[in-house]
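Trainee: So here's target_0.pdb, just PDB, C-alpha atoms:
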ATOM      1  CA  MET A 104      -5.519 -11.885 -10.875
ATOM      2  CA  LYS A 105      -3.088 -11.465 -13.730
ATOM      3  CA  GLU A 106       0.612 -10.669 -13.463
ATOM      4  CA  LEU A 107       2.645  -8.201 -15.526
ATOM      5  CA  LYS A 108       6.273  -7.086 -15.599
ATOM      6  CA  ALA A 109       6.287  -3.295 -16.059
ATOM      7  CA  ASP A 110       6.874   0.045 -14.400
ATOM      8  CA  LEU A 111       3.708   0.635 -12.362
ATOM      9  CA  PHE A 112       3.614   4.312 -13.309
ATOM     10  CA  SER A 113       3.866   3.531 -17.035
ATOM     11  CA  LEU A 114       0.274   2.297 -16.745
ATOM     12  CA  ILE A 115      -1.077   5.787 -16.027
ATOM     13  CA  GLY A 116      -3.485   6.673 -18.805
ATOM     14  CA  VAL A 117      -3.910   2.984 -19.672
ATOM     15  CA  PHE A 118      -5.452   1.542 -16.492
ATOM     16  CA  ASP A 119      -8.494   2.851 -14.612
ATOM     17  CA  ALA A 120      -6.563   2.801 -11.334
ATOM     18  CA  ILE A 121      -3.135   2.023  -9.985
ATOM     19  CA  CYS A 122      -2.470   1.353  -6.322
ATOM     20  CA  ILE A 123       0.545   2.333  -4.296
ATOM     21  CA  THR A 124       1.384   0.336  -1.210
ATOM     22  CA  THR A 125       1.442   2.406   1.967
ATOM     23  CA  ASN A 126       1.779   2.276   5.730
ATOM     24  CA  GLY A 127      -0.530   3.970   8.190
ATOM     25  CA  PHE A 128       2.009   6.057  10.075
ATOM     26  CA  VAL A 129       1.394   9.808  10.155
ATOM     27  CA  LYS A 130       4.215  12.085  11.332
ATOM     28  CA  SER A 131       3.670  14.975  13.749
ATOM     29  CA  ASN A 132       3.585  17.365  10.761
ATOM     30  CA  GLY A 133       0.493  15.525   9.456
ATOM     31  CA  ARG A 134       2.259  13.817   6.556
ATOM     32  CA  CYS A 135       2.077  10.077   5.940
ATOM     33  CA  VAL A 136       5.476   8.411   5.700
ATOM     34  CA  MET A 137       6.059   7.586   2.016
ATOM     35  CA  GLY A 138       9.787   6.941   2.004
ATOM     36  CA  ARG A 139      10.308   3.828  -0.121
ATOM     37  CA  GLY A 140       9.176   2.027  -3.246
ATOM     38  CA  CYS A 141       6.133   3.091  -5.228
ATOM     39  CA  ALA A 142       4.925   5.337  -2.385
ATOM     40  CA  LYS A 143       8.100   7.404  -2.661
ATOM     41  CA  THR A 144       7.748   7.534  -6.451
ATOM     42  CA  ALA A 145       4.154   8.746  -6.023
ATOM     43  CA  LEU A 146       5.272  11.416  -3.549
ATOM     44  CA  ASN A 147       7.905  12.634  -6.007
ATOM     45  CA  ARG A 148       5.320  12.772  -8.830
ATOM     46  CA  TYR A 149       2.540  14.321  -6.744
ATOM     47  CA  PRO A 150       3.955  16.662  -4.079
ATOM     48  CA  GLY A 151       1.569  17.017  -1.152
ATOM     49  CA  ILE A 152       0.034  13.566  -1.588
ATOM     50  CA  ASP A 153       1.593  12.614   1.760
ATOM     51  CA  LEU A 154      -0.249  15.450   3.510
ATOM     52  CA  PHE A 155      -3.573  14.463   1.932
ATOM     53  CA  MET A 156      -2.963  10.821   2.848
ATOM     54  CA  GLY A 157      -2.035  11.784   6.435
ATOM     55  CA  LYS A 158      -5.242  13.801   6.769
ATOM     56  CA  MET A 159      -7.342  10.903   5.456
ATOM     57  CA  ILE A 160      -5.693   8.388   7.816
ATOM     58  CA  LYS A 161      -6.267  10.695  10.795
ATOM     59  CA  GLU A 162      -9.930  11.238   9.832
ATOM     60  CA  ARG A 163     -10.920   7.774   8.569
ATOM     61  CA  GLY A 164      -8.237   5.261   9.509
ATOM     62  CA  ASN A 165      -5.673   3.197   7.628
ATOM     63  CA  LEU A 166      -7.836   2.398   4.603
ATOM     64  CA  PRO A 167      -7.464   2.465   0.817
ATOM     65  CA  PHE A 168      -8.133   5.974  -0.501
ATOM     66  CA  MET A 169      -8.408   7.552  -3.932
ATOM     67  CA  LEU A 170      -5.568  10.078  -3.787
ATOM     68  CA  VAL A 171      -5.206  11.824  -7.131
ATOM     69  CA  GLN A 172      -6.157  11.492 -10.783
ATOM     70  CA  ASP A 173      -3.557  11.557 -13.543
ATOM     71  CA  SER A 174      -4.433  11.262 -17.243
ATOM     72  CA  GLY A 175      -7.698   9.508 -16.422
ATOM     73  CA  THR A 176      -6.102   7.044 -13.998
ATOM     74  CA  ILE A 177      -6.964   7.168 -10.302
ATOM     75  CA  ILE A 178      -3.983   6.717  -7.969
ATOM     76  CA  CYS A 179      -5.107   4.810  -4.852
ATOM     77  CA  SER A 180      -3.439   3.861  -1.629
ATOM     78  CA  PHE A 181      -3.264   0.191  -0.678
ATOM     79  CA  PRO A 182      -2.271  -0.110   2.995
ATOM     80  CA  VAL A 183       0.046  -3.025   3.747
ATOM     81  CA  LYS A 184       1.448  -1.932   7.105
ATOM     82  CA  PRO A 185      -0.328  -0.907  10.304
ATOM     83  CA  ILE A 186      -0.171   2.494  11.976
ATOM     84  CA  THR A 187       1.964   0.988  14.769
ATOM     85  CA  VAL A 188       2.744  -2.433  16.275
ATOM     86  CA  ILE A 189       4.134  -3.574  19.602
ATOM     87  CA  PHE A 190       7.557  -5.076  18.980
ATOM     88  CA  ASP A 191       7.685  -8.823  19.565
ATOM     89  CA  GLY A 192      11.264  -9.355  18.390
ATOM     90  CA  HIS A 193      10.269 -10.179  14.810
ATOM     91  CA  ASN A 194       7.617  -7.756  13.514
ATOM     92  CA  ALA A 195       9.952  -4.901  12.552
ATOM     93  CA  VAL A 196      11.806  -4.866   9.246
ATOM     94  CA  SER A 197      15.187  -6.545   9.484
ATOM     95  CA  HIS A 198      17.333  -3.390   9.308
ATOM     96  CA  MET A 199      15.350  -1.793  12.166
ATOM     97  CA  ARG A 200      15.037  -4.686  14.643
ATOM     98  CA  ASN A 201      18.084  -3.648  16.650
ATOM     99  CA  LYS A 202      16.482  -0.231  17.268
ATOM    100  CA  PHE A 203      13.609  -1.640  19.367
ATOM    101  CA  ASN A 204      13.196  -3.548  22.618
ATOM    102  CA  ILE A 205      10.457  -6.102  23.198
ATOM    103  CA  GLY A 206       7.286  -4.168  24.042
ATOM    104  CA  ASP A 207       8.319  -0.940  22.269
ATOM    105  CA  THR A 208       5.878   0.708  19.876
ATOM    106  CA  VAL A 209       7.121   0.347  16.305
ATOM    107  CA  PRO A 210       5.891   2.932  13.773
ATOM    108  CA  GLY A 211       4.150   1.414  10.743
ATOM    109  CA  TRP A 212       6.915   2.386   8.338
ATOM    110  CA  ALA A 213       9.363   0.232  10.351
ATOM    111  CA  ALA A 214       6.997  -2.732  10.707
ATOM    112  CA  ILE A 215       6.833  -5.837   8.566
ATOM    113  CA  ALA A 216       3.775  -5.805   6.315
ATOM    114  CA  ASP A 217       0.676  -7.223   7.973
ATOM    115  CA  LEU A 218      -1.379  -9.936   6.255
ATOM    116  CA  ASN A 219      -4.626  -8.772   7.892
ATOM    117  CA  THR A 220      -4.051  -5.231   6.612
ATOM    118  CA  ILE A 221      -3.331  -6.560   3.116
ATOM    119  CA  GLU A 222      -6.453  -8.729   3.182
ATOM    120  CA  TYR A 223      -8.658  -5.842   4.280
ATOM    121  CA  SER A 224      -7.147  -3.596   1.606
ATOM    122  CA  ALA A 225      -7.840  -6.228  -1.079
ATOM    123  CA  PHE A 226     -11.426  -6.685   0.125
ATOM    124  CA  THR A 227     -12.025  -2.918   0.189
ATOM    125  CA  LEU A 228     -10.349  -2.288  -3.163
ATOM    126  CA  THR A 229     -12.551  -4.911  -4.834
ATOM    127  CA  SER A 230     -15.663  -3.142  -3.545
ATOM    128  CA  VAL A 231     -14.393   0.268  -4.672
ATOM    129  CA  ALA A 232     -13.504  -1.090  -8.130
ATOM    130  CA  THR A 233     -16.997  -2.512  -8.524
ATOM    131  CA  VAL A 234     -18.737   0.695  -7.413
ATOM    132  CA  MET A 235     -16.485   2.838  -9.647
ATOM    133  CA  GLY A 236     -16.822   0.482 -12.627
ATOM    134  CA  TRP A 237     -13.066   0.003 -12.956
ATOM    135  CA  GLN A 238     -12.020  -2.789 -15.311
ATOM    136  CA  LYS A 239      -8.219  -2.483 -15.147
ATOM    137  CA  ILE A 240      -6.511  -2.008 -11.771
ATOM    138  CA  ALA A 241      -2.769  -2.410 -11.211
ATOM    139  CA  LEU A 242      -0.907  -2.873  -7.957
ATOM    140  CA  PRO A 243       2.580  -3.943  -6.979
ATOM    141  CA  ARG A 244       3.048  -7.145  -4.998
ATOM    142  CA  PRO A 245       1.696  -5.817  -1.684
ATOM    143  CA  GLY A 246       4.037  -6.193   1.269
ATOM    144  CA  CYS A 247       6.728  -7.945  -0.758
ATOM    145  CA  GLY A 248       9.273  -5.133  -1.030
ATOM    146  CA  ALA A 249       9.916  -2.960   2.008
ATOM    147  CA  GLY A 250       7.288  -5.029   3.841
ATOM    148  CA  GLU A 251       9.557  -8.108   3.705
ATOM    149  CA  LEU A 252       6.828 -10.681   2.986
ATOM    150  CA  SER A 253       7.129 -13.341   0.296
ATOM    151  CA  TRP A 254       4.877 -13.380  -2.758
ATOM    152  CA  ALA A 255       4.067 -17.035  -1.992
ATOM    153  CA  THR A 256       2.567 -15.885   1.323
ATOM    154  CA  VAL A 257       0.667 -12.856  -0.020
ATOM    155  CA  LYS A 258      -0.688 -14.148  -3.345
ATOM    156  CA  PRO A 259      -3.193 -16.682  -1.886
ATOM    157  CA  ILE A 260      -4.752 -13.905   0.200
ATOM    158  CA  LEU A 261      -5.121 -11.643  -2.828
ATOM    159  CA  ASP A 262      -6.520 -14.477  -4.937
ATOM    160  CA  LYS A 263      -9.511 -14.671  -2.576
ATOM    161  CA  TYR A 264     -10.571 -11.136  -3.567
ATOM    162  CA  LEU A 265      -8.859  -9.891  -6.717
ATOM    163  CA  ASP A 266     -10.288 -11.141 -10.005
ATOM    164  CA  ASP A 267      -9.184 -10.659 -13.633
ATOM    165  CA  ARG A 268      -9.697  -6.886 -13.415
ATOM    166  CA  PHE A 269      -6.584  -6.751 -11.217
ATOM    167  CA  VAL A 270      -2.978  -7.001 -12.359
ATOM    168  CA  SER A 271      -0.015  -7.554 -10.075
ATOM    169  CA  VAL A 272       2.890  -5.552 -11.451
ATOM    170  CA  THR A 273       6.548  -6.325 -10.838
ATOM    171  CA  PHE A 274       9.318  -4.015 -12.001
TER     172      PHE A 274
END
Can you dump the structure from the file as structure tokens?
Mentor:
Amino acid sequence: MKELKADLFSLIGVFDAICITTNGFVKSNGRCVMGRGCAKTALNRYPGIDLFMGKMIKERGNLPFMLVQDSGTIICSFPVKPITVIFDGHNAVSHMRNKFNIGDTVPGWAAIADLNTIEYSAFTLTSVATVMGWQKIALPRPGCGAGELSWATVKPILDKYLDDRFVSVTF
């Protein structure tokens, strides 16, 4: 996997696909929470993408999905957080930990990114890229922003699946 410093959305029209990191939490109105980072940028660019994503999660689970096409580039989801977790004192993002008691259900948007979710997303995305014939796929450092994981922890997992077709983009 290569690395590039750029605005992820500047690669629309240049790459076959770009991935936005997401969580699996769907609100009661059917919309997926897309409140931070590249997910929020995608929501601002493509109104209603949160409703489509929420519908897909409800029907098929917290998986990578092709969401929309823009100038020949497919925008995909790349789940990094679960739908919910049971709070263990550490698995909520730092600014939310004081809102939960041990044993509470934490919504995915408030959880720390999950390495198993990231690994499954990488595995699935590689298969999709092969089937679709994609040669250039960009994604941010999954789980390393609002997910509060370190790149040193995430990169070895991605390296098991993502080859030279994939580019990790940092802003």
Trainee: From the set A:Ala241, A:Ala216, A:Val183, A:Met156, which residue has the shortest atom-to-atom contact distance to A:Met169, counting all atoms listed in the file?
Mentor: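 Under the stated criterion, the closest residue is A:Met156.
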Trainee: I need the residue nearest A:Ser230 from this list: A:Ala145, A:Leu265, A:Met137, A:Leu107. Use all atoms listed in the file for the distance.
Mentor: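 For A:Ser230, the nearest of the given residues is A:Leu265.
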Trainee: Report the residues retrieved by the PyMOL selection byres ((chain A and resi 159-165) around 9) from the displayed file, expressed as a PyMOL selection string.
Mentor: chain A and resi 126-129+133+135+154-158+166-168+182+184-186+220
Trainee: Measuring between all atoms listed in the file, which one of A:Leu218, A:Gly236, A:Asn204, A:Phe226 shows the shortest distance to A:Ser253?
Mentor: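 Of A:Leu218, A:Gly236, A:Asn204, A:Phe226, the one nearest A:Ser253 is A:Leu218, counting all atoms listed in the file.
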Trainee: Would you compute the box with edges along x, y and z of the file around stretch 218-225 of chain A, including every atom the file lists for it and 8 Å extra on each side, and give its centre and edge lengths in Å to one decimal, as lines of an AutoDock Vina configuration file?
Mentor:
center_x = -5.0
center_y = -6.8
center_z = 3.4
size_x = 23.3
size_y = 22.3
size_z = 25.0
